[in-house]
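my_file-v6.pdb (PDB, C-alpha atoms) appears below.
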```pdb
MODEL        1
ATOM      1  CA  MET E   1      -8.039 -28.951   9.689
ATOM      2  CA  HIS E   2      -5.066 -26.897  10.760
ATOM      3  CA  LEU E   3      -3.710 -25.322  13.913
ATOM      4  CA  ASP E   4      -5.509 -22.078  14.726
ATOM      5  CA  HIS E   5      -3.587 -20.700  17.686
ATOM      6  CA  ALA E   6      -1.478 -21.568  20.711
ATOM      7  CA  THR E   7      -2.210 -20.064  24.112
ATOM      8  CA  LEU E   8       0.721 -19.284  26.394
ATOM      9  CA  ARG E   9       0.082 -18.788  30.102
ATOM     10  CA  THR E  10       2.599 -16.391  31.595
ATOM     11  CA  ALA E  11       3.157 -14.165  34.619
ATOM     12  CA  ASP E  12       4.933 -11.715  32.333
ATOM     13  CA  LEU E  13       2.386 -10.644  29.732
ATOM     14  CA  GLU E  14       4.349  -7.562  28.683
ATOM     15  CA  GLY E  15       7.732  -9.276  28.528
ATOM     16  CA  THR E  16       6.376 -12.237  26.584
ATOM     17  CA  ARG E  17       4.514  -9.954  24.180
ATOM     18  CA  SER E  18       7.646  -7.874  23.631
ATOM     19  CA  PHE E  19       9.739 -11.016  23.107
ATOM     20  CA  LEU E  20       7.358 -12.385  20.479
ATOM     21  CA  GLU E  21       7.161  -9.006  18.739
ATOM     22  CA  ARG E  22      10.933  -8.744  18.489
ATOM     23  CA  VAL E  23      11.704 -12.347  17.576
ATOM     24  CA  LEU E  24       8.728 -13.395  15.435
ATOM     25  CA  ASP E  25       7.335 -10.010  14.318
ATOM     26  CA  LEU E  26       3.947 -10.854  15.809
ATOM     27  CA  ARG E  27       1.701  -7.849  16.518
ATOM     28  CA  PRO E  28      -1.116  -7.297  19.069
ATOM     29  CA  GLY E  29      -4.541  -6.869  17.518
ATOM     30  CA  TYR E  30      -8.248  -7.271  18.137
ATOM     31  CA  ARG E  31      -9.134  -9.388  21.153
ATOM     32  CA  PRO E  32     -12.686 -10.072  22.351
ATOM     33  CA  PRO E  33     -13.635  -8.358  25.623
ATOM     34  CA  PHE E  34     -12.705 -11.175  27.997
ATOM     35  CA  ASP E  35     -12.809 -10.419  31.735
ATOM     36  CA  PHE E  36      -9.079 -11.107  32.178
ATOM     37  CA  PRO E  37      -6.019  -9.413  30.695
ATOM     38  CA  GLY E  38      -4.027 -10.798  27.800
ATOM     39  CA  TYR E  39      -3.078 -10.331  24.176
ATOM     40  CA  TRP E  40      -3.904 -11.820  20.826
ATOM     41  CA  LEU E  41      -0.766 -11.676  18.702
ATOM     42  CA  TYR E  42      -1.204 -11.692  14.943
ATOM     43  CA  ALA E  43       0.838 -12.954  11.999
ATOM     44  CA  GLY E  44      -0.815 -10.968   9.212
ATOM     45  CA  ASP E  45      -4.542 -11.194   9.894
ATOM     46  CA  ALA E  46      -4.396 -14.425  11.921
ATOM     47  CA  PRO E  47      -4.188 -14.299  15.745
ATOM     48  CA  ILE E  48      -1.869 -17.296  16.076
ATOM     49  CA  VAL E  49      -0.588 -16.720  19.641
ATOM     50  CA  HIS E  50      -2.735 -15.822  22.646
ATOM     51  CA  LEU E  51      -1.280 -14.745  25.977
ATOM     52  CA  ILE E  52      -3.160 -15.234  29.247
ATOM     53  CA  PRO E  53      -2.124 -14.559  32.864
ATOM     54  CA  GLY E  54      -0.438 -17.150  35.037
ATOM     55  CA  SER E  55       1.378 -17.440  38.324
ATOM     56  CA  GLY E  56       4.802 -17.810  36.728
ATOM     57  CA  ALA E  57       5.519 -20.963  38.740
ATOM     58  CA  ALA E  58       7.937 -23.385  37.173
ATOM     59  CA  VAL E  59       6.283 -26.390  35.523
ATOM     60  CA  GLY E  60       7.751 -29.888  35.669
ATOM     61  CA  ARG E  61       8.675 -30.468  32.077
ATOM     62  CA  ALA E  62       8.490 -34.257  32.240
ATOM     63  CA  GLY E  63       4.796 -34.167  33.071
ATOM     64  CA  GLU E  64       1.625 -34.444  31.010
ATOM     65  CA  MET E  65       1.721 -31.222  29.044
ATOM     66  CA  LEU E  66       2.138 -29.400  25.799
ATOM     67  CA  ASP E  67       5.892 -29.516  25.402
ATOM     68  CA  HIS E  68       6.179 -26.886  22.669
ATOM     69  CA  VAL E  69       4.605 -25.396  19.588
ATOM     70  CA  ALA E  70       6.394 -24.896  16.302
ATOM     71  CA  PHE E  71       6.114 -22.051  13.817
ATOM     72  CA  ARG E  72       6.657 -22.573  10.103
ATOM     73  CA  MET E  73       8.888 -19.671   9.088
ATOM     74  CA  ASP E  74       9.398 -20.156   5.347
ATOM     75  CA  ASP E  75       5.896 -19.850   3.992
ATOM     76  CA  THR E  76       6.689 -16.716   2.023
ATOM     77  CA  GLY E  77       9.233 -18.682  -0.010
ATOM     78  CA  ASP E  78      12.124 -16.754   1.497
ATOM     79  CA  ASN E  79      14.280 -19.781   2.379
ATOM     80  CA  GLN E  80      15.226 -21.208  -1.021
ATOM     81  CA  ASN E  81      18.892 -21.387  -0.033
ATOM     82  CA  GLY E  82      18.532 -21.091   3.717
ATOM     83  CA  GLU E  83      18.365 -17.277   3.701
ATOM     84  CA  ALA E  84      15.531 -17.071   6.257
ATOM     85  CA  TYR E  85      17.163 -19.687   8.474
ATOM     86  CA  TRP E  86      20.520 -17.940   8.626
ATOM     87  CA  ALA E  87      18.893 -14.538   8.984
ATOM     88  CA  MET E  88      17.015 -15.811  12.055
ATOM     89  CA  ARG E  89      20.184 -17.229  13.575
ATOM     90  CA  ALA E  90      21.897 -13.859  13.095
ATOM     91  CA  LYS E  91      18.875 -12.091  14.578
ATOM     92  CA  LEU E  92      18.824 -14.325  17.649
ATOM     93  CA  GLU E  93      22.536 -13.819  18.158
ATOM     94  CA  GLY E  94      22.085 -10.064  17.826
ATOM     95  CA  LEU E  95      19.355 -10.200  20.465
ATOM     96  CA  ALA E  96      21.493 -12.464  22.701
ATOM     97  CA  ILE E  97      18.708 -15.079  22.692
ATOM     98  CA  PRO E  98      20.086 -18.607  23.181
ATOM     99  CA  TYR E  99      18.948 -21.280  20.740
ATOM    100  CA  SER E 100      19.604 -24.900  19.900
ATOM    101  CA  THR E 101      19.456 -26.515  16.486
ATOM    102  CA  MET E 102      17.972 -29.655  14.916
ATOM    103  CA  ASP E 103      18.620 -30.596  11.299
ATOM    104  CA  LEU E 104      16.240 -33.013   9.559
ATOM    105  CA  PRO E 105      17.926 -33.504   6.168
ATOM    106  CA  ASP E 106      15.479 -36.196   5.048
ATOM    107  CA  LEU E 107      12.746 -33.537   5.223
ATOM    108  CA  GLY E 108      14.923 -30.713   3.890
ATOM    109  CA  GLU E 109      14.324 -28.904   7.155
ATOM    110  CA  ARG E 110      16.349 -27.067   9.747
ATOM    111  CA  ARG E 111      14.899 -26.129  13.073
ATOM    112  CA  LEU E 112      15.692 -23.777  15.944
ATOM    113  CA  PHE E 113      14.501 -24.029  19.539
ATOM    114  CA  ILE E 114      14.171 -20.960  21.753
ATOM    115  CA  ARG E 115      12.491 -20.180  25.079
ATOM    116  CA  THR E 116      10.357 -17.261  26.168
ATOM    117  CA  PRO E 117      11.916 -15.051  28.858
ATOM    118  CA  PRO E 118      11.760 -16.620  32.304
ATOM    119  CA  SER E 119       9.268 -14.846  34.545
ATOM    120  CA  ALA E 120       9.996 -13.985  38.138
ATOM    121  CA  GLY E 121      10.351 -17.331  39.869
ATOM    122  CA  GLY E 122       9.149 -19.207  36.844
ATOM    123  CA  GLY E 123      10.264 -21.280  33.948
ATOM    124  CA  ALA E 124      10.080 -20.527  30.284
ATOM    125  CA  ILE E 125       8.072 -21.836  27.362
ATOM    126  CA  LEU E 126       9.745 -23.801  24.564
ATOM    127  CA  LEU E 127       9.135 -22.665  20.974
ATOM    128  CA  GLU E 128      10.376 -24.250  17.748
ATOM    129  CA  LEU E 129      11.051 -22.486  14.449
ATOM    130  CA  VAL E 130      10.861 -24.637  11.296
ATOM    131  CA  PHE E 131      12.568 -23.707   8.014
ATOM    132  CA  ARG E 132      12.289 -25.819   4.865
ATOM    133  CA  GLU E 133      14.576 -25.266   1.891
ATOM    134  CA  GLY E 134      13.826 -25.392  -1.795
TER     135      GLY E 134
ATOM    136  CA  MET O   1       4.290 -17.495   9.237
ATOM    137  CA  HIS O   2       1.864 -20.014  10.592
ATOM    138  CA  LEU O   3       1.760 -22.724  13.230
ATOM    139  CA  ASP O   4       3.469 -25.892  12.016
ATOM    140  CA  HIS O   5       2.791 -28.377  14.798
ATOM    141  CA  ALA O   6       2.154 -28.816  18.506
ATOM    142  CA  THR O   7       4.074 -31.384  20.535
ATOM    143  CA  LEU O   8       2.261 -33.156  23.358
ATOM    144  CA  ARG O   9       4.299 -34.869  26.057
ATOM    145  CA  THR O  10       2.404 -37.837  27.474
ATOM    146  CA  ALA O  11       2.945 -41.037  29.444
ATOM    147  CA  ASP O  12       0.212 -42.641  27.350
ATOM    148  CA  LEU O  13       1.409 -42.516  23.755
ATOM    149  CA  GLU O  14      -1.052 -45.161  22.563
ATOM    150  CA  GLY O  15      -4.072 -43.760  24.392
ATOM    151  CA  THR O  16      -3.376 -40.207  23.268
ATOM    152  CA  ARG O  17      -2.827 -41.338  19.676
ATOM    153  CA  SER O  18      -6.058 -43.309  19.727
ATOM    154  CA  PHE O  19      -7.943 -40.368  21.249
ATOM    155  CA  LEU O  20      -6.711 -37.964  18.563
ATOM    156  CA  GLU O  21      -7.490 -40.470  15.809
ATOM    157  CA  ARG O  22     -11.044 -40.925  17.038
ATOM    158  CA  VAL O  23     -11.838 -37.304  17.858
ATOM    159  CA  LEU O  24      -9.903 -35.323  15.228
ATOM    160  CA  ASP O  25      -9.349 -37.971  12.515
ATOM    161  CA  LEU O  26      -5.577 -37.463  12.721
ATOM    162  CA  ARG O  27      -3.476 -40.338  11.333
ATOM    163  CA  PRO O  28       0.065 -41.517  12.157
ATOM    164  CA  GLY O  29       2.530 -41.125   9.319
ATOM    165  CA  TYR O  30       6.195 -40.674   8.485
ATOM    166  CA  ARG O  31       8.393 -39.708  11.440
ATOM    167  CA  PRO O  32      12.157 -39.235  11.271
ATOM    168  CA  PRO O  33      14.199 -41.930  13.046
ATOM    169  CA  PHE O  34      14.522 -40.239  16.419
ATOM    170  CA  ASP O  35      16.047 -42.253  19.257
ATOM    171  CA  PHE O  36      12.888 -42.062  21.384
ATOM    172  CA  PRO O  37       9.379 -43.337  20.749
ATOM    173  CA  GLY O  38       6.513 -41.186  19.602
ATOM    174  CA  TYR O  39       4.128 -40.380  16.761
ATOM    175  CA  TRP O  40       3.670 -37.734  14.148
ATOM    176  CA  LEU O  41      -0.064 -37.360  13.556
ATOM    177  CA  TYR O  42      -1.178 -35.968  10.223
ATOM    178  CA  ALA O  43      -4.120 -33.900   9.008
ATOM    179  CA  GLY O  44      -3.894 -34.620   5.287
ATOM    180  CA  ASP O  45      -0.186 -34.363   4.428
ATOM    181  CA  ALA O  46       0.737 -32.102   7.365
ATOM    182  CA  PRO O  47       2.072 -33.587  10.627
ATOM    183  CA  ILE O  48       0.329 -31.096  12.914
ATOM    184  CA  VAL O  49       0.541 -33.016  16.224
ATOM    185  CA  HIS O  50       3.640 -34.762  17.577
ATOM    186  CA  LEU O  51       3.568 -37.071  20.580
ATOM    187  CA  ILE O  52       6.635 -37.635  22.760
ATOM    188  CA  PRO O  53       7.081 -39.643  25.957
ATOM    189  CA  GLY O  54       6.623 -38.149  29.412
ATOM    190  CA  SER O  55       6.304 -39.171  33.027
ATOM    191  CA  GLY O  56       2.578 -38.557  33.195
ATOM    192  CA  ALA O  57       2.977 -36.394  36.292
ATOM    193  CA  ALA O  58       0.314 -33.768  36.805
ATOM    194  CA  VAL O  59       1.406 -30.246  35.833
ATOM    195  CA  GLY O  60       0.399 -27.160  37.812
ATOM    196  CA  ARG O  61      -1.846 -25.397  35.356
ATOM    197  CA  ALA O  62      -1.311 -21.894  36.795
ATOM    198  CA  GLY O  63       2.396 -21.983  35.950
ATOM    199  CA  GLU O  64       4.488 -20.760  33.043
ATOM    200  CA  MET O  65       3.345 -23.072  30.263
ATOM    201  CA  LEU O  66       1.525 -23.640  27.043
ATOM    202  CA  ASP O  67      -2.052 -23.670  28.268
ATOM    203  CA  HIS O  68      -3.613 -25.173  25.141
ATOM    204  CA  VAL O  69      -3.532 -25.328  21.365
ATOM    205  CA  ALA O  70      -6.523 -24.762  19.137
ATOM    206  CA  PHE O  71      -7.484 -26.499  15.911
ATOM    207  CA  ARG O  72      -9.419 -24.713  13.184
ATOM    208  CA  MET O  73     -12.101 -27.226  12.195
ATOM    209  CA  ASP O  74     -14.054 -25.495   9.430
ATOM    210  CA  ASP O  75     -11.424 -24.998   6.763
ATOM    211  CA  THR O  76     -13.168 -27.252   4.297
ATOM    212  CA  GLY O  77     -16.159 -24.891   4.309
ATOM    213  CA  ASP O  78     -18.325 -27.456   6.047
ATOM    214  CA  ASN O  79     -19.712 -25.150   8.755
ATOM    215  CA  GLN O  80     -21.841 -22.666   6.779
ATOM    216  CA  ASN O  81     -24.765 -23.155   9.148
ATOM    217  CA  GLY O  82     -22.940 -24.737  12.039
ATOM    218  CA  GLU O  83     -23.083 -28.265  10.603
ATOM    219  CA  ALA O  84     -19.515 -29.154  11.547
ATOM    220  CA  TYR O  85     -19.911 -27.628  15.008
ATOM    221  CA  TRP O  86     -23.036 -29.579  15.858
ATOM    222  CA  ALA O  87     -21.661 -32.758  14.292
ATOM    223  CA  MET O  88     -18.620 -32.511  16.579
ATOM    224  CA  ARG O  89     -20.807 -31.981  19.651
ATOM    225  CA  ALA O  90     -22.815 -35.078  18.711
ATOM    226  CA  LYS O  91     -19.602 -37.024  18.108
ATOM    227  CA  LEU O  92     -18.138 -36.038  21.485
ATOM    228  CA  GLU O  93     -21.375 -36.977  23.213
ATOM    229  CA  GLY O  94     -21.381 -40.321  21.412
ATOM    230  CA  LEU O  95     -17.827 -40.938  22.590
ATOM    231  CA  ALA O  96     -18.712 -39.786  26.145
ATOM    232  CA  ILE O  97     -15.982 -37.129  25.967
ATOM    233  CA  PRO O  98     -16.761 -34.120  28.184
ATOM    234  CA  TYR O  99     -16.495 -30.674  26.637
ATOM    235  CA  SER O 100     -17.138 -27.070  27.471
ATOM    236  CA  THR O 101     -18.242 -24.318  25.112
ATOM    237  CA  MET O 102     -17.264 -20.726  24.330
ATOM    238  CA  ASP O 103     -19.233 -18.615  21.874
ATOM    239  CA  LEU O 104     -17.579 -15.551  20.331
ATOM    240  CA  PRO O 105     -20.417 -14.018  18.318
ATOM    241  CA  ASP O 106     -18.452 -10.922  17.339
ATOM    242  CA  LEU O 107     -16.093 -13.242  15.447
ATOM    243  CA  GLY O 108     -18.830 -15.555  14.182
ATOM    244  CA  GLU O 109     -17.110 -18.370  16.068
ATOM    245  CA  ARG O 110     -18.078 -21.166  18.382
ATOM    246  CA  ARG O 111     -15.472 -23.125  20.267
ATOM    247  CA  LEU O 112     -15.245 -26.381  22.177
ATOM    248  CA  PHE O 113     -12.703 -27.349  24.819
ATOM    249  CA  ILE O 114     -11.735 -30.977  25.453
ATOM    250  CA  ARG O 115      -8.939 -32.757  27.300
ATOM    251  CA  THR O 116      -6.775 -35.703  26.309
ATOM    252  CA  PRO O 117      -7.309 -38.839  28.421
ATOM    253  CA  PRO O 118      -5.651 -38.611  31.839
ATOM    254  CA  SER O 119      -2.638 -40.892  32.105
ATOM    255  CA  ALA O 120      -1.880 -43.008  35.105
ATOM    256  CA  GLY O 121      -1.276 -40.532  37.911
ATOM    257  CA  GLY O 122      -1.244 -37.640  35.520
ATOM    258  CA  GLY O 123      -3.212 -34.749  34.246
ATOM    259  CA  ALA O 124      -4.604 -34.124  30.841
ATOM    260  CA  ILE O 125      -3.849 -31.678  28.046
ATOM    261  CA  LEU O 126      -6.349 -29.005  27.062
ATOM    262  CA  LEU O 127      -7.326 -28.722  23.386
ATOM    263  CA  GLU O 128      -9.636 -26.190  21.733
ATOM    264  CA  LEU O 129     -11.709 -26.697  18.592
ATOM    265  CA  VAL O 130     -12.627 -23.549  16.635
ATOM    266  CA  PHE O 131     -15.573 -23.357  14.211
ATOM    267  CA  ARG O 132     -16.418 -20.249  12.186
ATOM    268  CA  GLU O 133     -19.739 -19.890  10.414
ATOM    269  CA  GLY O 134     -20.511 -18.406   7.041
TER     270      GLY O 134
ENDMDL
END
```
Write-out of the structure in structure tokens:
Amino acid sequence: MHLDHATLRTADLEGTRSFLERVLDLRPGYRPPFDFPGYWLYAGDAPIVHLIPGSGAAVGRAGEMLDHVAFRMDDTGDNQNGEAYWAMRAKLEGLAIPYSTMDLPDLGERRLFIRTPPSAGGGAILLELVFREG
Amino acid sequence: MHLDHATLRTADLEGTRSFLERVLDLRPGYRPPFDFPGYWLYAGDAPIVHLIPGSGAAVGRAGEMLDHVAFRMDDTGDNQNGEAYWAMRAKLEGLAIPYSTMDLPDLGERRLFIRTPPSAGGGAILLELVFREG
């Protein structure tokens, strides 16, 4: 068993799609003919993020919810010496996207936390990026 | 790039852990020494679900949030003729866990939606189970 996809509910379908395209290189692709708008965003041939419409209202983050999803960024072996990790930090800084860091040296991992763009009147969705070295 | 894990925030760490053990056969395993309680739940050697503490307050489901995460259930090739799908439906019925269905015949997929147990005063977190045939 593995994770298949994560579904983000947002009032800003276009802005969230654009954000995920720019930051994670996800790309819109085939989506079944549902009767509501949205996107399936692909990494390669896998639609790993789905976007569906929401009100954009802020959500109380202490409540019973999915707090975040994490993406494993190093699965093409491009982080032997932290190259992919530092490249992402430079990319985020170039895009003026704030991030926070978490190092887990006992796992050989470094992690970044970012948020999707806040919608009108709304909050933002927490995403984690995981890089493992070696 | 692929999904690494999903983090569920819940007021009922033990009940949610037990639910995910019973329904998805996830198992607690190594977790770094964070300064707050929680679980890392493993499928094989991958910690795909993390549990962290929350208030249990209900969350407005129309807002800007992660709506759900989906698990791909057939990656051991055990659903050639829908065996894994129907076994899960029987299991959920045996456990008296409500579910809803979504068939996507153009993808050769059938899907089930379930919710984690509602905490005291709180809501519940939506999970999707994806089965592909053939």
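Going from CA of Ala62 in chain E to CA of Pro37 in chain E covers 28.8 Å.
Minimum distance to Pro105 in chain O across O:Phe34, O:Phe131, O:Phe71, O:Tyr42 (counting only C-alpha atoms) occurs at O:Phe131.
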Item checked: Picked residues, the ChimeraX specification (/O :<8) & /E, expected as a ChimeraX atom specification -> /E:1-11,32,43,48,54-60,62-76,104,106,119,122-125,130
Using the file's own x, y and z axes, what box holds all listed atoms of range 81-88 of chain E with 8 Å on each side, keeping edges along x, y and z, and what are its centre and edge lengths in Å to one decimal, as AutoDock Vina command-line options?
```
--center_x 18.0 --center_y -18.0 --center_z 6.0 --size_x 21.0 --size_y 22.8 --size_z 28.1
```
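Residues in contact with Asn79 in chain E at 10 Å, where only C-alpha atoms are counted and same-chain residues fewer than 6 positions away are skipped, are listed as Met73, Tyr85, Trp86, Ala87, Phe131, Arg132, Glu133 and Gly134 of chain E.
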Checklist line | Distance query range 91-94 of chain E at most 12 Å, all atoms listed in the file, self and fewer than 3 positions along chain excluded, as a list in words | finding: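 Listing them by chain and then by number gives Phe19, Leu20, Arg22, Val23, Leu24, Asp25, Ala84, Tyr85, Trp86, Ala87, Met88, Ile97, Pro98, Tyr99, Ser100, Leu112, Phe113, Ile114, Arg115 and Leu129 of chain E.
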Notebook entry, point to check: Which one of E:Ala96, E:Met102, E:Ala90, E:Leu41 sits closest to Arg17 in chain E if you count only C-alpha atoms?
Noted result: E:Leu41
Check: How far is it from CA of Tyr39 in chain O to CA of Leu13 in chain O, in Å with one decimal?
Finding: 7.8 Å
